[in-house]
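Quick look at target-v6.txt (compact mmCIF, C-alpha atoms and all ligand atoms):
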```txt
# COMPACT_ATOMS: atom_id res chain seq x y z
CA MET J 1 -46.07 89.92 98.88
CA ASN J 2 -48.78 91.84 97.21
CA THR J 3 -51.52 92.81 99.61
CA PHE J 4 -54.46 93.49 97.35
CA SER J 5 -54.58 90.44 95.08
CA LYS J 6 -55.24 86.88 96.17
CA LYS J 7 -54.16 85.43 92.82
CA ALA J 8 -51.16 83.09 92.82
CA PRO J 9 -48.13 84.77 91.21
CA ILE J 10 -47.22 84.05 87.61
CA ARG J 11 -43.56 83.02 87.64
CA VAL J 12 -41.57 84.57 84.78
CA ALA J 13 -37.97 83.75 83.91
CA VAL J 14 -36.04 86.40 82.00
CA THR J 15 -32.61 85.52 80.63
CA GLY J 16 -30.16 88.32 79.93
CA ALA J 17 -31.94 90.17 82.70
CA ALA J 18 -29.11 92.67 83.21
CA GLY J 19 -28.86 93.51 79.51
CA ASN J 20 -30.37 96.42 77.63
CA ILE J 21 -33.69 94.77 76.82
CA GLY J 22 -33.86 93.26 80.31
CA TYR J 23 -33.48 96.70 81.85
CA ALA J 24 -36.36 98.05 79.77
CA LEU J 25 -38.52 94.97 80.28
CA LEU J 26 -38.41 94.00 83.94
CA PHE J 27 -39.95 97.17 85.28
CA ARG J 28 -42.87 96.84 82.91
CA ILE J 29 -43.54 93.25 83.96
CA ALA J 30 -43.21 94.22 87.62
CA SER J 31 -45.60 97.14 87.26
CA GLY J 32 -48.37 94.93 85.87
CA GLN J 33 -48.22 95.94 82.22
CA MET J 34 -47.70 92.38 81.00
CA PHE J 35 -50.17 90.37 83.08
CA GLY J 36 -52.52 93.00 84.38
CA PRO J 37 -52.86 95.33 87.36
CA ASP J 38 -54.06 92.70 89.86
CA GLN J 39 -51.80 89.80 88.86
CA PRO J 40 -48.80 89.19 91.14
CA VAL J 41 -45.56 88.11 89.49
CA ALA J 42 -42.47 86.25 90.66
CA LEU J 43 -39.37 87.19 88.69
CA ASN J 44 -36.61 84.65 88.03
CA LEU J 45 -33.73 86.76 86.72
CA ILE J 46 -31.10 84.74 84.87
CA GLU J 47 -27.66 85.99 83.84
CA ILE J 48 -24.31 84.47 83.02
CA GLU J 49 -21.69 84.79 85.78
CA PRO J 50 -20.07 88.02 84.43
CA GLY J 51 -23.51 89.68 84.44
CA MET J 52 -24.37 88.82 88.05
CA ALA J 53 -22.97 92.01 89.60
CA ALA J 54 -25.00 94.19 87.25
CA LEU J 55 -28.00 91.96 87.88
CA ARG J 56 -27.73 92.67 91.61
CA GLY J 57 -28.04 96.35 90.78
CA VAL J 58 -31.10 95.77 88.62
CA ALA J 59 -32.71 93.73 91.40
CA MET J 60 -31.93 96.52 93.89
CA GLU J 61 -33.70 98.97 91.60
CA LEU J 62 -36.69 96.67 91.31
CA ASP J 63 -36.80 96.54 95.11
CA ASP J 64 -36.58 100.32 95.23
CA CYS J 65 -39.70 100.65 93.07
CA ALA J 66 -41.73 98.88 95.80
CA PHE J 67 -43.96 97.37 93.14
CA PRO J 68 -46.94 95.88 94.99
CA LEU J 69 -47.32 93.05 92.45
CA VAL J 70 -43.82 91.62 92.89
CA ALA J 71 -44.04 88.50 95.03
CA GLU J 72 -40.42 87.36 94.73
CA ILE J 73 -37.19 88.11 92.87
CA VAL J 74 -34.73 85.27 92.23
CA GLN J 75 -31.28 86.11 90.85
CA THR J 76 -29.29 83.25 89.43
CA SER J 77 -26.89 81.94 86.80
CA ASP J 78 -28.02 78.37 87.50
CA LEU J 79 -30.61 77.31 84.92
CA SER J 80 -32.06 74.62 87.21
CA VAL J 81 -32.95 77.41 89.66
CA GLY J 82 -33.84 79.99 87.04
CA PHE J 83 -36.35 77.88 85.15
CA LYS J 84 -37.78 76.06 88.20
CA ASP J 85 -41.57 75.98 87.98
CA VAL J 86 -41.80 78.94 85.62
CA ASP J 87 -45.01 79.76 83.72
CA TRP J 88 -43.22 81.90 81.14
CA ALA J 89 -39.60 81.82 79.96
CA LEU J 90 -38.53 84.97 78.13
CA LEU J 91 -35.26 84.09 76.41
CA VAL J 92 -33.63 87.45 75.81
CA GLY J 93 -30.04 86.74 76.88
CA SER J 94 -27.66 86.38 73.98
CA VAL J 95 -25.16 88.46 72.10
CA PRO J 96 -26.70 91.28 69.99
CA ARG J 97 -25.39 92.07 66.52
CA LYS J 98 -23.14 95.03 65.89
CA GLN J 99 -22.82 97.27 62.84
CA GLY J 100 -22.09 95.30 59.67
CA MET J 101 -23.59 92.01 60.92
CA GLU J 102 -26.81 90.27 59.92
CA ARG J 103 -28.85 88.56 62.63
CA ALA J 104 -28.03 85.18 61.08
CA ASP J 105 -24.33 85.88 61.78
CA LEU J 106 -25.20 85.29 65.43
CA LEU J 107 -26.23 81.68 64.82
CA GLY J 108 -22.83 80.21 65.65
CA ILE J 109 -22.46 82.45 68.72
CA ASN J 110 -25.93 82.13 70.21
CA GLY J 111 -27.28 78.81 68.90
CA LYS J 112 -25.68 76.61 71.55
CA VAL J 113 -27.06 78.75 74.36
CA PHE J 114 -30.56 77.71 73.34
CA VAL J 115 -29.75 73.99 73.53
CA GLY J 116 -28.85 74.34 77.21
CA GLN J 117 -31.80 76.59 77.95
CA GLY J 118 -34.24 74.31 76.09
CA LYS J 119 -33.00 71.32 78.09
CA ALA J 120 -33.30 73.17 81.38
CA ILE J 121 -36.82 74.35 80.53
CA ASN J 122 -37.71 70.76 79.66
CA ASP J 123 -36.39 69.51 83.00
CA TYR J 124 -37.38 72.23 85.44
CA ALA J 125 -40.21 74.44 84.15
CA LYS J 126 -43.92 73.70 84.52
CA SER J 127 -45.15 71.49 81.66
CA SER J 128 -47.53 74.34 80.76
CA VAL J 129 -44.61 76.79 80.38
CA ARG J 130 -44.71 79.14 77.43
CA VAL J 131 -41.42 80.24 75.92
CA LEU J 132 -40.80 83.45 73.97
CA VAL J 133 -37.44 83.76 72.24
CA VAL J 134 -36.12 87.26 71.61
CA GLY J 135 -32.35 86.62 71.30
CA ASN J 136 -31.30 86.56 67.66
CA PRO J 137 -31.64 84.92 65.26
CA CYS J 138 -34.83 84.40 67.21
CA ASN J 139 -36.76 82.04 64.90
CA THR J 140 -33.95 79.52 64.66
CA ASN J 141 -32.94 79.90 68.30
CA CYS J 142 -36.56 79.15 69.20
CA LEU J 143 -36.51 76.03 67.03
CA ILE J 144 -33.28 74.93 68.75
CA ALA J 145 -34.82 75.44 72.20
CA MET J 146 -38.00 73.62 71.13
CA LYS J 147 -36.05 70.62 69.82
CA SER J 148 -34.06 70.54 73.05
CA ALA J 149 -37.27 70.38 75.14
CA PRO J 150 -39.07 67.28 73.82
CA ASN J 151 -41.50 67.09 76.76
CA ILE J 152 -42.89 70.58 76.20
CA PRO J 153 -45.48 70.81 73.39
CA ASP J 154 -44.20 72.63 70.30
CA GLU J 155 -47.22 74.95 70.45
CA GLN J 156 -45.76 76.51 73.62
CA PHE J 157 -42.75 77.98 71.81
CA PHE J 158 -42.82 81.45 70.22
CA ALA J 159 -40.35 83.88 68.68
CA MET J 160 -40.84 87.60 68.32
CA THR J 161 -41.95 89.56 65.25
CA ARG J 162 -44.25 91.92 67.13
CA LEU J 163 -41.62 94.66 67.01
CA ASP J 164 -41.66 94.35 63.21
CA GLU J 165 -45.47 94.54 63.19
CA ASN J 166 -45.41 97.64 65.39
CA ARG J 167 -42.75 99.23 63.16
CA ALA J 168 -44.76 98.45 60.01
CA LYS J 169 -47.94 99.95 61.43
CA THR J 170 -46.17 103.17 62.31
CA GLN J 171 -44.58 103.47 58.86
CA LEU J 172 -48.01 103.11 57.21
CA ALA J 173 -49.64 105.54 59.66
CA HIS J 174 -46.98 108.17 58.97
CA LYS J 175 -47.33 107.78 55.21
CA ALA J 176 -51.13 108.01 55.38
CA GLY J 177 -51.07 110.84 57.92
CA VAL J 178 -53.26 108.96 60.42
CA ALA J 179 -52.84 107.84 64.03
CA VAL J 180 -51.14 104.44 64.39
CA LYS J 181 -54.23 102.98 66.09
CA GLU J 182 -56.01 103.28 62.73
CA VAL J 183 -53.75 100.61 61.21
CA SER J 184 -54.82 96.99 61.76
CA GLU J 185 -54.60 93.47 60.41
CA LEU J 186 -50.98 93.82 59.52
CA CYS J 187 -49.13 90.54 59.68
CA VAL J 188 -45.39 90.27 59.30
CA TRP J 189 -44.68 86.86 57.74
CA GLY J 190 -41.57 84.68 57.74
CA ASN J 191 -38.23 85.24 59.42
CA HIS J 192 -37.24 88.08 61.78
CA SER J 193 -34.62 89.16 59.25
CA PRO J 194 -34.49 91.61 56.33
CA SER J 195 -36.42 89.00 54.30
CA MET J 196 -39.55 89.33 56.47
CA TYR J 197 -42.70 90.31 54.60
CA PRO J 198 -45.00 92.95 56.15
CA ASP J 199 -48.28 92.23 54.33
CA PHE J 200 -49.63 95.65 53.41
CA GLU J 201 -52.10 94.11 50.94
CA ASN J 202 -54.33 92.67 53.70
CA ALA J 203 -53.76 95.45 56.22
CA LYS J 204 -56.35 98.13 56.91
CA ILE J 205 -56.34 101.84 57.65
CA GLY J 206 -59.62 102.50 59.43
CA ARG J 207 -62.07 100.38 57.45
CA SER J 208 -60.27 100.75 54.13
CA LYS J 209 -57.63 98.58 52.57
CA VAL J 210 -54.17 100.14 52.91
CA THR J 211 -53.82 99.97 49.13
CA ASP J 212 -56.97 102.09 48.75
CA VAL J 213 -55.52 104.76 51.03
CA ILE J 214 -51.85 104.67 50.00
CA LEU J 215 -52.04 104.49 46.22
CA ASP J 216 -48.29 104.62 45.64
CA GLN J 217 -47.55 100.91 44.99
CA ALA J 218 -43.89 101.68 44.30
CA TRP J 219 -43.56 103.20 47.78
CA LEU J 220 -45.28 100.21 49.37
CA ARG J 221 -43.11 97.64 47.62
CA ASP J 222 -39.79 99.44 47.29
CA THR J 223 -39.67 101.70 50.35
CA PHE J 224 -42.09 100.38 52.98
CA VAL J 225 -41.14 96.67 52.79
CA PRO J 226 -37.35 97.21 52.97
CA THR J 227 -37.69 99.97 55.59
CA VAL J 228 -39.45 97.54 57.94
CA GLY J 229 -36.97 94.75 57.15
CA GLN J 230 -33.97 97.04 57.79
CA ARG J 231 -35.33 98.96 60.76
CA GLY J 232 -33.21 97.02 63.25
CA LYS J 233 -30.08 98.00 61.32
CA ALA J 234 -31.24 101.63 61.12
CA ILE J 235 -31.57 101.68 64.92
CA ILE J 236 -28.10 100.17 65.35
CA ASP J 237 -26.64 102.74 62.95
CA ALA J 238 -28.33 105.61 64.80
CA ARG J 239 -27.96 104.47 68.40
CA GLY J 240 -24.78 102.44 68.19
CA ALA J 241 -26.69 99.63 69.92
CA SER J 242 -29.64 97.50 68.94
CA SER J 243 -33.19 98.42 69.82
CA ALA J 244 -33.98 97.81 73.46
CA ALA J 245 -36.97 99.81 74.74
CA SER J 246 -39.04 99.09 71.63
CA ALA J 247 -38.02 95.42 71.78
CA ALA J 248 -39.07 95.24 75.44
CA ASN J 249 -42.35 96.91 74.53
CA ALA J 250 -42.95 94.25 71.87
CA VAL J 251 -42.25 91.51 74.43
CA VAL J 252 -44.94 93.01 76.67
CA ASP J 253 -47.35 93.22 73.73
CA THR J 254 -46.65 89.63 72.61
CA VAL J 255 -47.05 87.99 76.01
CA ARG J 256 -50.10 90.07 76.93
CA ASP J 257 -51.83 89.24 73.65
CA LEU J 258 -50.99 85.52 73.88
CA SER J 259 -52.37 85.50 77.42
CA ASN J 260 -55.79 86.92 76.60
CA PRO J 261 -58.54 86.11 74.08
CA THR J 262 -58.12 88.29 70.99
CA ARG J 263 -60.90 90.87 70.82
CA GLY J 264 -59.72 93.09 67.99
CA ASP J 265 -56.70 92.90 65.78
CA LEU J 266 -54.74 89.78 64.76
CA HIS J 267 -51.03 89.75 65.65
CA SER J 268 -47.76 88.51 64.22
CA VAL J 269 -46.05 85.77 66.22
CA CYS J 270 -43.49 83.19 65.11
CA VAL J 271 -44.94 79.76 65.86
CA ILE J 272 -44.41 76.16 64.79
CA SER J 273 -45.57 75.74 61.22
CA ASN J 274 -47.95 72.95 60.34
CA GLY J 275 -47.76 73.89 56.68
CA GLU J 276 -50.16 76.84 56.87
CA TYR J 277 -50.18 79.01 53.75
CA GLY J 278 -47.52 76.82 52.16
CA SER J 279 -44.94 77.37 54.89
CA PRO J 280 -42.63 74.39 55.41
CA ALA J 281 -43.88 72.29 58.33
CA GLY J 282 -41.58 72.14 61.34
CA ILE J 283 -40.00 75.59 61.20
CA ILE J 284 -40.75 78.53 63.49
CA THR J 285 -42.14 81.18 61.18
CA SER J 286 -44.19 84.33 61.64
CA LEU J 287 -47.91 83.91 60.98
CA PRO J 288 -51.10 85.83 61.80
CA ILE J 289 -52.43 84.66 65.17
CA ARG J 290 -55.58 85.03 67.22
CA VAL J 291 -56.24 83.59 70.68
CA ASP J 292 -59.65 81.96 71.20
CA GLY J 293 -61.91 82.15 74.26
CA ALA J 294 -60.27 79.05 75.74
CA GLY J 295 -56.88 80.74 75.57
CA LYS J 296 -55.60 78.66 72.64
CA TRP J 297 -53.79 80.43 69.81
CA ARG J 298 -54.72 79.67 66.22
CA VAL J 299 -53.38 80.74 62.87
CA VAL J 300 -55.93 83.04 61.22
CA GLU J 301 -57.54 81.27 58.28
CA GLY J 302 -58.61 82.62 54.92
CA VAL J 303 -55.99 85.33 54.39
CA LYS J 304 -55.78 85.93 50.63
CA LEU J 305 -52.18 86.25 49.50
CA SER J 306 -51.22 87.66 46.12
CA ASP J 307 -48.55 85.99 43.99
CA TYR J 308 -46.20 88.80 45.02
CA ALA J 309 -46.86 88.09 48.72
CA LYS J 310 -46.51 84.33 48.28
CA GLU J 311 -43.14 84.82 46.59
CA LYS J 312 -41.88 87.08 49.39
CA ILE J 313 -43.05 84.71 52.13
CA ALA J 314 -41.60 81.67 50.36
CA ALA J 315 -38.20 83.40 50.10
CA SER J 316 -38.20 84.24 53.82
CA ASN J 317 -39.20 80.69 54.74
CA GLN J 318 -36.48 79.33 52.47
CA GLU J 319 -34.00 81.39 54.49
CA LEU J 320 -35.34 79.74 57.65
CA LEU J 321 -34.78 76.28 56.17
CA GLU J 322 -31.20 77.28 55.39
CA GLU J 323 -30.64 78.68 58.89
CA ARG J 324 -31.98 75.43 60.32
CA GLU J 325 -29.63 73.38 58.20
CA VAL J 326 -26.59 75.38 59.27
CA ALA J 327 -27.54 75.52 62.95
CA PHE J 328 -28.62 71.91 63.29
CA GLY J 329 -25.44 70.82 61.48
CA GLN J 330 -23.29 72.84 63.90
CA LEU J 331 -25.14 71.63 66.97
CA GLY J 332 -25.64 68.00 65.93
CA LEU J 333 -29.43 68.27 66.17
CA SER J 334 -31.68 66.24 63.92
CA ILE J 335 -34.74 67.62 62.12
N1 LIG K 401 -36.53 89.61 68.19
C1 LIG K 401 -36.40 90.90 68.22
O1 LIG K 401 -37.29 91.62 67.73
C2 LIG K 401 -35.20 91.55 68.84
C3 LIG K 401 -34.16 90.79 69.31
N2 LIG K 401 -33.05 91.37 69.88
C4 LIG K 401 -32.00 90.49 70.38
O2 LIG K 401 -32.12 90.37 71.80
C5 LIG K 401 -30.86 89.96 72.35
C6 LIG K 401 -30.51 90.76 73.59
O3 LIG K 401 -30.32 92.12 73.24
P1 LIG K 401 -29.80 93.18 74.33
O4 LIG K 401 -30.53 93.04 75.61
O5 LIG K 401 -29.78 94.49 73.65
O6 LIG K 401 -28.30 92.68 74.51
P2 LIG K 401 -27.29 93.04 75.71
O7 LIG K 401 -25.93 92.64 75.26
O8 LIG K 401 -27.51 94.42 76.21
O9 LIG K 401 -27.78 92.07 76.86
C7 LIG K 401 -27.71 90.70 76.73
C8 LIG K 401 -27.56 90.15 78.13
O10 LIG K 401 -27.64 88.73 78.03
C9 LIG K 401 -26.68 88.19 78.90
N3 LIG K 401 -26.41 86.84 78.41
C10 LIG K 401 -25.59 86.48 77.40
N4 LIG K 401 -25.59 85.15 77.28
C11 LIG K 401 -26.44 84.68 78.20
C12 LIG K 401 -26.88 83.38 78.58
N5 LIG K 401 -26.39 82.30 77.98
N6 LIG K 401 -27.75 83.26 79.60
C13 LIG K 401 -28.24 84.34 80.23
N7 LIG K 401 -27.85 85.60 79.93
C14 LIG K 401 -26.97 85.76 78.93
C15 LIG K 401 -25.50 89.14 78.86
O11 LIG K 401 -24.69 89.02 80.02
C16 LIG K 401 -26.22 90.49 78.78
O12 LIG K 401 -26.48 91.03 80.08
C17 LIG K 401 -29.85 90.10 71.19
O13 LIG K 401 -29.62 88.80 70.62
C18 LIG K 401 -30.58 90.98 70.20
O14 LIG K 401 -30.11 90.78 68.89
C19 LIG K 401 -32.97 92.73 70.01
C20 LIG K 401 -33.99 93.53 69.56
C21 LIG K 401 -35.17 93.01 68.92
O1 LIG K 402 -31.64 94.26 64.40
C1 LIG K 402 -31.14 93.75 65.43
O2 LIG K 402 -30.04 93.20 65.48
C2 LIG K 402 -31.99 93.79 66.66
C3 LIG K 402 -33.34 93.37 66.24
O3 LIG K 402 -33.62 92.21 66.07
C4 LIG K 402 -34.29 94.42 65.87
O4 LIG K 402 -34.11 95.59 66.24
O5 LIG K 402 -35.25 94.08 65.19
```

Encoding of this model in structure tokens:
Amino acid sequence: MNTFSKKAPIRVAVTGAAGNIGYALLFRIASGQMFGPDQPVALNLIEIEPGMAALRGVAMELDDCAFPLVAEIVQTSDLSVGFKDVDWALLVGSVPRKQGMERADLLGINGKVFVGQGKAINDYAKSSVRVLVVGNPCNTNCLIAMKSAPNIPDEQFFAMTRLDENRAKTQLAHKAGVAVKEVSELCVWGNHSPSMYPDFENAKIGRSKVTDVILDQAWLRDTFVPTVGQRGKAIIDARGASSAASAANAVVDTVRDLSNPTRGDLHSVCVISNGEYGSPAGIITSLPIRVDGAGKWRVVEGVKLSDYAKEKIAASNQELLEEREVAFGQLGLSI
């Protein structure tokens, strides 16, 4: 047990804990990068049976770091143990895509996993649990988990587009020849798929609009937008495996920024839609988010979207409706 903090530990479940993202993520949570340098954590590491031997190795390595913030490490393949009393459930475990696949191709493989996990979260986690889905296709998997956990408020379910936001900011910074910290207010809208829309029209470089700094509209529309949408594929093509360290980094960013009042920049998070900006109500779609002083997230109001942006976002949301139809049909879930 940590000796310098009297705070109660935050209990975090991580599924797929012995996988690539898990291996990049756990050490960052344990070192305090997710919840802060004086916040103890208890780690519930969840794997399927074939992953348990590797998980033992990961847990041994966590032990060998002697992280002062780590209060407890649980290793399990039993969801009733893994999700017991957790404050956060990070649903990473699922099959990643390989070369030649789209993320939506994983629906049939991964969708059913999220029914079981949603039910277990419903039954065993704290009612205040917050759930972040990373396993692809993450928006629809998140919706499946949410529907399978009727006692947990929909507002407590999130899917991840922060990696896309981070990618988009870096692309713009490189093009403009500025440091990435100069790029702000960049929301990625829609689905975590090639149809996502990184909204360069409302983003800023320093105090200027991106479009006043990068004047090449053709580059913004025809190179920047598809580069961000296809970055996951580019990583798979280059590495032979899907992004892991950058994905783990985005998990840390997402949870940290949902856990603290927003002081500066807005952020992209997939949340339940209540029809904001014309998005279909009831899907999990990426929207611009800020967290208020009471810790409640809200969709940023008053973003002005051009006709071009509206068309892009509508197409991505349409894809989410289609994913929902396929997945819910396969799983026998009702909308
Ligand atoms: N939303 C995003 O931005 C991103 C999402 N991803 C997705 O994250 C997921 C994980 O990626 P990696 O860690 O690279 O894959 P990986 O194959 O290295 O690891 C996945 C781990 O999950 C475990 N697992 C599989 N089914 C499970 C279940 N039902 N319960 C618990 N554990 C289970 C496996 O045993 C394996 O250890 C993939 O679906 C990938 O597509 C990856 C990058 C970015
Ligand atoms: O592209 C993939 O399959 C993995 C992923 O979601 C990403 O890197 O954004």

So that each row is one residue of chain J with an atom at most 7 Å from ligand LIG 402 (chain K), can you give its shortest atom pair and the distance in Å to one decimal, using only C-alpha atoms and all ligand atoms, rows by chain and rising number, as JSON lines?
```
{"residue": "J:Pro96", "atom": "CA", "partner": "K:LIG402", "partner_atom": "O2", "distance": 5.9}
{"residue": "J:Arg97", "atom": "CA", "partner": "K:LIG402", "partner_atom": "O2", "distance": 4.9}
{"residue": "J:Arg103", "atom": "CA", "partner": "K:LIG402", "partner_atom": "O2", "distance": 5.6}
{"residue": "J:Asn136", "atom": "CA", "partner": "K:LIG402", "partner_atom": "O3", "distance": 6.3}
{"residue": "J:Leu163", "atom": "CA", "partner": "K:LIG402", "partner_atom": "O5", "distance": 6.7}
{"residue": "J:Asp164", "atom": "CA", "partner": "K:LIG402", "partner_atom": "O5", "distance": 6.7}
{"residue": "J:His192", "atom": "CA", "partner": "K:LIG402", "partner_atom": "O3", "distance": 7.0}
{"residue": "J:Arg231", "atom": "CA", "partner": "K:LIG402", "partner_atom": "O4", "distance": 6.5}
{"residue": "J:Gly232", "atom": "CA", "partner": "K:LIG402", "partner_atom": "O1", "distance": 3.4}
{"residue": "J:Lys233", "atom": "CA", "partner": "K:LIG402", "partner_atom": "O1", "distance": 5.1}
{"residue": "J:Ile235", "atom": "CA", "partner": "K:LIG402", "partner_atom": "O4", "distance": 6.7}
{"residue": "J:Ile236", "atom": "CA", "partner": "K:LIG402", "partner_atom": "O1", "distance": 7.0}
{"residue": "J:Ser242", "atom": "CA", "partner": "K:LIG402", "partner_atom": "C2", "distance": 4.9}
{"residue": "J:Ser243", "atom": "CA", "partner": "K:LIG402", "partner_atom": "O4", "distance": 4.7}
{"residue": "J:Ala247", "atom": "CA", "partner": "K:LIG402", "partner_atom": "O4", "distance": 6.8}
```

Compute the set of protein, DNA and RNA residues whose minimum atom distance to ligand LIG 401 (chain K) is at most 6 Å, using all atoms listed in the file, and state it as an NGL selection string. :J and (15-16 or 18-22 or 46-48 or 51 or 92-97 or 113 or 134-136 or 138 or 160-161 or 163 or 242-244 or 247)

Six-sided padding of 8 Å per side, axis-aligned box over range 140-151 of chain J, centre and edges in Å, one decimal, as JSON:
```
{"center_x": -37.2, "center_y": 73.5, "center_z": 70.7, "size_x": 24.6, "size_y": 28.8, "size_z": 28.1}
```

Could you list, as a ChimeraX atom specification, every residue within 7 Å of Arg324 in chain J, counting only C-alpha atoms and ignoring same-chain residues fewer than 4 positions away? /J:140,320,328

Using all atoms listed in the file, which of the listed residues (J:Ser208, J:Gln99, J:Gln217, J:Gln33) sits closest to Phe67 in chain J? J:Gln33

In Å, how far is it from CA of Glu322 in chain J to CA of Asp237 in chain J?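 Computing it gives 26.9 Å between the two atoms.
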
Pick from J:Arg239, J:Glu49, J:Phe200, J:Gly293 nearest to Ser306 in chain J, counting all atoms listed in the file: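 The closest residue to Ser306 in chain J is J:Phe200.
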
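From CA of Thr262 in chain J back to CA of Val70 in chain J, the distance works out to 26.4 Å.
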
Restricting the calculation to only C-alpha atoms, which member of J:Lys204, J:Arg162, J:Arg11, J:Lys6 is positioned closest to Asp257 in chain J?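 That would be J:Arg162, the residue with the smallest distance to Asp257 in chain J.
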